[in-house]
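S.K.: Supplied structure: input_23.cif, mmCIF, C-alpha atoms.
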```cif
data_final
loop_
_atom_site.group_PDB
_atom_site.id
_atom_site.type_symbol
_atom_site.label_atom_id
_atom_site.label_comp_id
_atom_site.auth_asym_id
_atom_site.auth_seq_id
_atom_site.Cartn_x
_atom_site.Cartn_y
_atom_site.Cartn_z
ATOM 1 C CA MET A 1 0.000 0.000 0.000
ATOM 2 C CA VAL A 2 1.064 3.570 -0.629
ATOM 3 C CA ASP A 3 1.244 5.522 2.599
ATOM 4 C CA PHE A 4 2.208 9.195 2.556
ATOM 5 C CA LYS A 5 2.108 11.293 5.715
ATOM 6 C CA ASP A 6 1.706 14.598 3.908
ATOM 7 C CA ALA A 7 1.835 16.380 0.554
ATOM 8 C CA GLN A 8 5.589 16.871 0.845
ATOM 9 C CA GLU A 9 6.163 13.113 0.830
ATOM 10 C CA ILE A 10 4.041 12.869 -2.318
ATOM 11 C CA ARG A 11 6.127 15.566 -4.034
ATOM 12 C CA ASN A 12 9.317 13.765 -2.994
ATOM 13 C CA GLU A 13 7.995 10.535 -4.512
ATOM 14 C CA ILE A 14 7.001 12.256 -7.772
ATOM 15 C CA ALA A 15 10.539 13.624 -8.173
ATOM 16 C CA LEU A 16 11.988 10.125 -7.663
ATOM 17 C CA ALA A 17 9.477 8.342 -9.877
ATOM 18 C CA ASN A 18 9.650 10.785 -12.790
ATOM 19 C CA PRO A 19 12.949 12.650 -13.315
ATOM 20 C CA ASN A 20 11.170 15.104 -15.628
ATOM 21 C CA TYR A 21 9.532 16.510 -12.494
ATOM 22 C CA ASP A 22 12.740 16.881 -10.512
ATOM 23 C CA GLY A 23 12.246 20.155 -8.663
ATOM 24 C CA ILE A 24 8.697 19.538 -7.507
ATOM 25 C CA GLN A 25 10.085 18.334 -4.170
ATOM 26 C CA HIS A 26 11.310 21.880 -3.448
ATOM 27 C CA LEU A 27 7.814 23.389 -3.475
ATOM 28 C CA LYS A 28 7.175 24.263 0.170
ATOM 29 C CA LYS A 29 4.857 27.266 0.387
ATOM 30 C CA ALA A 30 2.186 29.105 -1.586
ATOM 31 C CA GLY A 31 3.726 30.843 -4.588
ATOM 32 C CA ASP A 32 6.648 28.418 -5.031
ATOM 33 C CA VAL A 33 6.986 27.314 -8.667
ATOM 34 C CA PHE A 34 9.250 25.325 -10.912
ATOM 35 C CA GLN A 35 9.391 24.895 -14.686
ATOM 36 C CA TRP A 36 9.425 21.401 -16.137
ATOM 37 C CA GLY A 37 12.604 21.044 -18.198
ATOM 38 C CA GLY A 38 14.360 23.983 -16.528
ATOM 39 C CA ALA A 39 13.808 27.718 -16.381
ATOM 40 C CA TRP A 40 13.630 27.999 -20.177
ATOM 41 C CA LEU A 41 12.584 25.370 -22.689
ATOM 42 C CA CYS A 42 14.691 25.315 -25.866
ATOM 43 C CA GLU A 43 16.580 28.449 -24.853
ATOM 44 C CA ASP A 44 17.984 30.384 -27.845
ATOM 45 C CA GLY A 45 15.967 28.111 -30.131
ATOM 46 C CA ILE A 46 18.091 25.035 -29.410
ATOM 47 C CA CYS A 47 16.117 21.872 -28.716
ATOM 48 C CA PRO A 48 17.427 18.903 -26.703
ATOM 49 C CA THR A 49 17.713 16.725 -29.820
ATOM 50 C CA SER A 50 20.691 15.280 -31.691
ATOM 51 C CA ASP A 51 20.679 18.152 -34.214
ATOM 52 C CA GLY A 52 19.370 20.859 -31.871
ATOM 53 C CA LYS A 53 16.213 21.268 -33.933
ATOM 54 C CA GLY A 54 12.637 20.416 -33.142
ATOM 55 C CA ASN A 55 11.491 17.116 -34.631
ATOM 56 C CA LEU A 56 7.937 17.197 -35.899
ATOM 57 C CA ILE A 57 5.823 14.324 -37.090
ATOM 58 C CA SER A 58 2.859 14.469 -39.413
ATOM 59 C CA VAL A 59 -0.316 12.809 -38.262
ATOM 60 C CA ASP A 60 -3.412 11.832 -40.164
ATOM 61 C CA ILE A 61 -6.578 13.679 -39.216
ATOM 62 C CA PRO A 62 -8.763 11.002 -37.632
ATOM 63 C CA GLU A 63 -11.927 9.927 -39.387
ATOM 64 C CA LEU A 64 -14.603 10.281 -36.726
ATOM 65 C CA GLY A 65 -17.459 9.030 -38.890
ATOM 66 C CA LYS A 66 -19.504 12.205 -38.482
ATOM 67 C CA LYS A 67 -22.871 11.945 -40.208
ATOM 68 C CA GLU A 68 -25.122 14.742 -41.418
ATOM 69 C CA GLY A 69 -26.601 16.574 -38.435
ATOM 70 C CA GLN A 70 -24.124 15.177 -35.920
ATOM 71 C CA PHE A 71 -21.584 17.144 -33.890
ATOM 72 C CA ILE A 72 -17.997 16.533 -32.847
ATOM 73 C CA VAL A 73 -17.768 16.771 -29.061
ATOM 74 C CA THR A 74 -14.482 17.460 -27.285
ATOM 75 C CA SER A 75 -14.015 17.242 -23.540
ATOM 76 C CA ARG A 76 -12.319 20.301 -22.026
ATOM 77 C CA ARG A 77 -9.245 19.694 -19.906
ATOM 78 C CA GLY A 78 -6.895 22.036 -18.119
ATOM 79 C CA LYS A 79 -7.024 24.557 -15.324
ATOM 80 C CA GLN A 80 -10.757 24.988 -14.972
ATOM 81 C CA PHE A 81 -11.922 21.701 -13.455
ATOM 82 C CA ASN A 82 -8.914 19.497 -12.835
ATOM 83 C CA SER A 83 -8.004 17.848 -9.551
ATOM 84 C CA MET A 84 -6.304 21.019 -8.295
ATOM 85 C CA VAL A 85 -9.032 23.540 -9.153
ATOM 86 C CA TYR A 86 -12.372 21.847 -8.637
ATOM 87 C CA ASN A 87 -14.954 24.626 -8.868
ATOM 88 C CA GLU A 88 -18.544 24.793 -10.024
ATOM 89 C CA VAL A 89 -17.810 27.597 -12.514
ATOM 90 C CA ASP A 90 -15.018 27.705 -15.098
ATOM 91 C CA PRO A 91 -12.996 30.861 -14.323
ATOM 92 C CA LEU A 92 -11.990 31.137 -17.992
ATOM 93 C CA ASN A 93 -15.467 31.529 -19.491
ATOM 94 C CA GLY A 94 -18.034 31.459 -16.684
ATOM 95 C CA ALA A 95 -19.438 28.084 -17.788
ATOM 96 C CA GLY A 96 -20.951 25.680 -15.289
ATOM 97 C CA ARG A 97 -19.872 22.067 -14.987
ATOM 98 C CA TYR A 98 -22.857 20.829 -17.012
ATOM 99 C CA ASP A 99 -22.867 23.556 -19.652
ATOM 100 C CA VAL A 100 -22.498 22.416 -23.255
ATOM 101 C CA LEU A 101 -20.474 24.970 -25.206
ATOM 102 C CA LEU A 102 -21.827 25.409 -28.723
ATOM 103 C CA ASN A 103 -22.049 27.805 -31.630
ATOM 104 C CA ALA A 104 -25.042 30.176 -31.488
ATOM 105 C CA GLU A 105 -25.871 29.583 -35.177
ATOM 106 C CA ASP A 106 -25.957 25.811 -34.651
ATOM 107 C CA ALA A 107 -28.265 26.388 -31.694
ATOM 108 C CA GLN A 108 -30.510 28.654 -33.773
ATOM 109 C CA ASP A 109 -30.808 25.953 -36.453
ATOM 110 C CA LEU A 110 -32.084 23.589 -33.743
ATOM 111 C CA SER A 111 -34.293 26.255 -32.071
ATOM 112 C CA ILE A 112 -32.238 26.008 -28.880
ATOM 113 C CA ALA A 113 -32.104 29.007 -26.545
ATOM 114 C CA GLU A 114 -29.117 29.800 -24.361
ATOM 115 C CA GLY A 115 -29.530 28.124 -20.986
ATOM 116 C CA GLU A 116 -32.031 25.602 -22.352
ATOM 117 C CA GLY A 117 -31.713 21.944 -21.401
ATOM 118 C CA ILE A 118 -30.103 19.823 -24.127
ATOM 119 C CA VAL A 119 -28.988 16.214 -24.501
ATOM 120 C CA LEU A 120 -25.921 14.803 -26.250
ATOM 121 C CA TYR A 121 -25.945 11.079 -26.963
ATOM 122 C CA ASN A 122 -24.197 8.363 -28.945
ATOM 123 C CA GLY A 123 -23.588 4.626 -28.692
ATOM 124 C CA PHE A 124 -21.462 5.075 -25.565
ATOM 125 C CA GLY A 125 -23.711 7.182 -23.363
ATOM 126 C CA VAL A 126 -25.941 10.178 -22.703
ATOM 127 C CA PHE A 127 -25.058 13.612 -21.321
ATOM 128 C CA GLN A 128 -27.717 16.063 -20.149
ATOM 129 C CA GLY A 129 -26.677 19.683 -19.796
ATOM 130 C CA ARG A 130 -27.507 23.283 -20.668
ATOM 131 C CA ALA A 131 -26.676 25.257 -23.799
ATOM 132 C CA LYS A 132 -24.021 27.953 -23.473
ATOM 133 C CA PHE A 133 -23.135 29.948 -26.573
ATOM 134 C CA VAL A 134 -19.422 30.509 -27.174
ATOM 135 C CA ASP A 135 -17.057 31.314 -30.023
ATOM 136 C CA ILE A 136 -16.598 27.800 -31.418
ATOM 137 C CA SER A 137 -16.589 26.444 -34.973
ATOM 138 C CA ARG A 138 -19.926 25.251 -36.271
ATOM 139 C CA GLY A 139 -20.493 21.520 -35.947
ATOM 140 C CA ASN A 140 -18.443 21.319 -32.745
ATOM 141 C CA VAL A 141 -19.430 21.285 -29.079
ATOM 142 C CA GLN A 142 -17.456 21.018 -25.858
ATOM 143 C CA VAL A 143 -18.277 19.449 -22.501
ATOM 144 C CA HIS A 144 -16.230 19.540 -19.339
ATOM 145 C CA PHE A 145 -14.037 16.746 -18.031
ATOM 146 C CA PRO A 146 -14.920 14.491 -16.265
ATOM 147 C CA GLU A 147 -18.680 15.100 -16.566
ATOM 148 C CA GLY A 148 -18.640 14.406 -20.311
ATOM 149 C CA ASN A 149 -16.818 11.078 -20.010
ATOM 150 C CA PHE A 150 -20.098 9.180 -20.459
ATOM 151 C CA LEU A 151 -19.869 9.960 -24.180
ATOM 152 C CA LEU A 152 -16.324 8.656 -24.678
ATOM 153 C CA PRO A 153 -15.222 5.081 -25.369
ATOM 154 C CA ARG A 154 -13.004 3.358 -22.829
ATOM 155 C CA GLY A 155 -9.686 1.907 -23.879
ATOM 156 C CA ARG A 156 -9.170 4.044 -26.994
ATOM 157 C CA TYR A 157 -5.861 5.922 -26.941
ATOM 158 C CA GLU A 158 -4.049 8.318 -29.252
ATOM 159 C CA LYS A 159 -1.291 6.214 -30.809
ATOM 160 C CA TYR A 160 1.575 8.697 -30.414
ATOM 161 C CA ALA A 161 0.979 10.293 -27.007
ATOM 162 C CA GLY A 162 -0.982 7.418 -25.467
ATOM 163 C CA ILE A 163 -3.599 9.774 -24.017
ATOM 164 C CA PRO A 164 -7.261 8.714 -23.810
ATOM 165 C CA ASP A 165 -9.469 9.790 -26.684
ATOM 166 C CA TYR A 166 -11.432 12.956 -25.968
ATOM 167 C CA ASN A 167 -13.215 13.511 -29.306
ATOM 168 C CA ILE A 168 -16.312 11.658 -30.490
ATOM 169 C CA THR A 169 -19.425 12.209 -32.605
ATOM 170 C CA VAL A 170 -22.763 12.858 -30.923
ATOM 171 C CA THR A 171 -26.339 13.736 -31.725
ATOM 172 C CA LEU A 172 -27.631 16.889 -30.022
ATOM 173 C CA GLU A 173 -31.290 17.502 -29.188
ATOM 174 C CA LYS A 174 -33.453 19.665 -26.988
ATOM 175 C CA ALA A 175 -33.930 17.863 -23.682
ATOM 176 C CA ASP A 176 -37.736 17.992 -23.827
ATOM 177 C CA ARG A 177 -37.770 16.498 -27.338
ATOM 178 C CA PHE A 178 -35.301 13.761 -26.368
ATOM 179 C CA ASN A 179 -37.251 12.831 -23.237
ATOM 180 C CA ALA A 180 -40.626 12.907 -25.012
ATOM 181 C CA ARG A 181 -39.297 10.638 -27.757
ATOM 182 C CA LYS A 182 -37.966 8.222 -25.142
ATOM 183 C CA ASP A 183 -41.454 7.980 -23.655
ATOM 184 C CA VAL A 184 -43.029 7.304 -27.072
ATOM 185 C CA GLU A 185 -40.429 4.718 -28.085
ATOM 186 C CA HIS A 186 -40.467 2.848 -24.772
ATOM 187 C CA HIS A 187 -41.900 -0.636 -25.222
ATOM 188 C CA GLU A 188 -43.249 -2.447 -22.206
ATOM 189 C CA LYS A 189 -43.070 -6.208 -21.964
ATOM 190 C CA ARG A 190 -46.490 -7.829 -22.012
ATOM 191 C CA ILE A 191 -47.414 -9.548 -18.761
ATOM 192 C CA GLU A 192 -48.885 -12.926 -19.502
ATOM 193 C CA ASP A 193 -52.105 -13.910 -17.719
ATOM 194 C CA ASP A 194 -50.453 -16.780 -15.875
ATOM 195 C CA GLU A 195 -47.911 -14.336 -14.399
ATOM 196 C CA LEU A 196 -50.790 -12.511 -12.698
ATOM 197 C CA ASP A 197 -51.985 -15.566 -10.787
ATOM 198 C CA ALA A 198 -51.385 -15.279 -7.070
ATOM 199 C CA PRO A 199 -48.989 -17.876 -5.658
ATOM 200 C CA ALA A 200 -50.662 -20.891 -4.072
#
```
Can the structure from this file be put into structure tokens for me?
M.R.:
Amino acid sequence: MVDFKDAQEIRNEIALANPNYDGIQHLKKAGDVFQWGGAWLCEDGICPTSDGKGNLISVDIPELGKKEGQFIVTSRRGKQFNSMVYNEVDPLNGAGRYDVLLNAEDAQDLSIAEGEGIVLYNGFGVFQGRAKFVDISRGNVQVHFPEGNFLLPRGRYEKYAGIPDYNITVTLEKADRFNARKDVEHHEKRIEDDELDAPA
């Protein structure tokens, strides 16, 4: 079992386990900082590679299988709602944890008002949230991590960085339309007469 007495012991362990984070063990008080890789990364334009230049790789744009009327959803990561800053409102844009960030023109096409309840769904899950209009390309929406994880497949990783996938296609609907359709499409199992007989 892992047993740390305090946060300092955790920082000490991180520095030992991952040399890239050597320096984290020296953080003692509020305001202390360190820069991964040293004070300056690639100072004077020289990279830590055999030729001193940055090595770039080309990657194929993934085929997400987006169909007409579907959206590409991306989960937002970073400062706003990670394990260190766990607030109810994103300080970067004022969005709540269950807000769905979307283009106002896309919303207008679907007769969705800002703040209205909406549902995103696909073969992996369902996410219920509220529309928040932001400056985002049409056909794209964003949800916050980890609330939006219901929409993402498990075990699918980006082949170069090894990070979990955070883009997927979804269908977007008004919440009242989605819920009404669920009620109409729900099929109840018929109860046979012999199942109604009281036990002897």
S.K.: What lies within 10 Å of Gln8 (chain A) using all atoms listed in the file, ignoring chain neighbours under 4 positions off, as a list of chain:residue names?
M.R.: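 With the cut-off at 10 Å, the set is A:Phe4, A:Asn12, A:Glu13, A:Ile14, A:Ile24, A:Gln25, A:His26, A:Leu27, A:Lys28.
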S.K.: For Ile112 (chain A), which residue out of A:Arg130, A:Asn87, A:Gly125, A:Ile61 is the nearest one, using only C-alpha atoms?
M.R.: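 Comparing A:Arg130, A:Asn87, A:Gly125, A:Ile61 against Ile112 (chain A), the winner is A:Arg130.
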S.K.: Nearest to Asp99 (chain A): which of A:Trp40, A:Phe133, A:Phe124, A:Phe71 is it, counting all atoms listed in the file?
M.R.: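 Residue with the minimum atom-to-atom distance to Asp99 (chain A): A:Phe133.
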S.K.: In Å to one decimal, how far is CA of Ile10 (chain A) from CA of Ala30 (chain A)?
M.R.: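 Result for CA of Ala30 (chain A) versus CA of Ile10 (chain A): 16.4 Å, one decimal.
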S.K.: Taking only residues of region 15-123 of chain A that have an atom at most 8 Å from an atom of region 148-163 of chain A, what is each one's shortest atom pair and its distance in Å to one decimal, using all atoms listed in the file, in chain and number order, as a tab-separated table?
M.R.:
```
residue	atom	partner	partner_atom	distance
A:Ser75	CA	A:Gly148	CA	6.3
A:Tyr121	CA	A:Leu151	CA	6.8
A:Asn122	CA	A:Leu151	CA	6.6
A:Gly123	CA	A:Leu151	CA	7.9
```
S.K.: For a quick check of understanding, using all atoms listed in the file, which of A:Lys5, A:Lys67, A:Arg97, A:Lys29 has the smallest distance to Val143 (chain A)?
M.R.: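 Smallest distance to Val143 (chain A) is found for A:Arg97.
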S.K.: At what distance in Å, to one decimal, does CA of Gly65 (chain A) lie from CA of Asn167 (chain A)?
M.R.: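 Separating CA of Asn167 (chain A) from CA of Gly65 (chain A) is a distance of 11.4 Å.
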S.K.: Give the answer as one residue: which of A:Asp6, A:Ser137, A:Asp32, A:Glu173 has the shortest atom-to-atom distance to Val119 (chain A), using all atoms listed in the file?
M.R.: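 Of all the options, A:Glu173 lies closest to Val119 (chain A).
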S.K.: So what do you get for CA of Asp44 (chain A) versus CA of Ser58 (chain A), distance-wise?
M.R.: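 Separation of CA of Asp44 (chain A) and CA of Ser58 (chain A): 24.8 Å.
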S.K.: With all atoms listed in the file as the atoms that count, which of A:Pro62, A:Thr74, A:Val33, A:Gly129 lies nearest to Gly96 (chain A)?
M.R.: A:Gly129
S.K.: How would you write, as a PyMOL selection string, the residues chosen by the PyMOL selection byres ((chain A and resi 172) around 10) on this structure?
M.R.: chain A and resi 69-71+73+107+110+118-122+127-128+141+169-171+173-175+178
S.K.: Using the chain letters and numbering of this document, enumerate as a list in words the residues selected by the PyMOL selection byres ((chain A and resi 21) around 10).
M.R.: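 Listing what the PyMOL selection byres ((chain A and resi 21) around 10) selects in the shown file: Arg11, Asn12, Ile14, Ala15, Leu16, Ala17, Asn18, Pro19, Asn20, Asp22, Gly23, Ile24, Gln25, Phe34, Gln35, Trp36, Gly37 and Gly38 of chain A.
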S.K.: Write out as a list in words the residues lying within 7 Å of Ile136 (chain A), counting all atoms listed in the file and excluding same-chain residues fewer than 3 positions away.
M.R.: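 Skipping anything fewer than 3 positions along the chain leaves Leu102, Asn103 and Asn140 of chain A.
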S.K.: Using all atoms listed in the file, which residue out of A:Asn179, A:Leu64, A:Thr49, A:Leu92 lies closest to Gly117 (chain A)?
M.R.: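 For Gly117 (chain A), the nearest of the given residues is A:Asn179.
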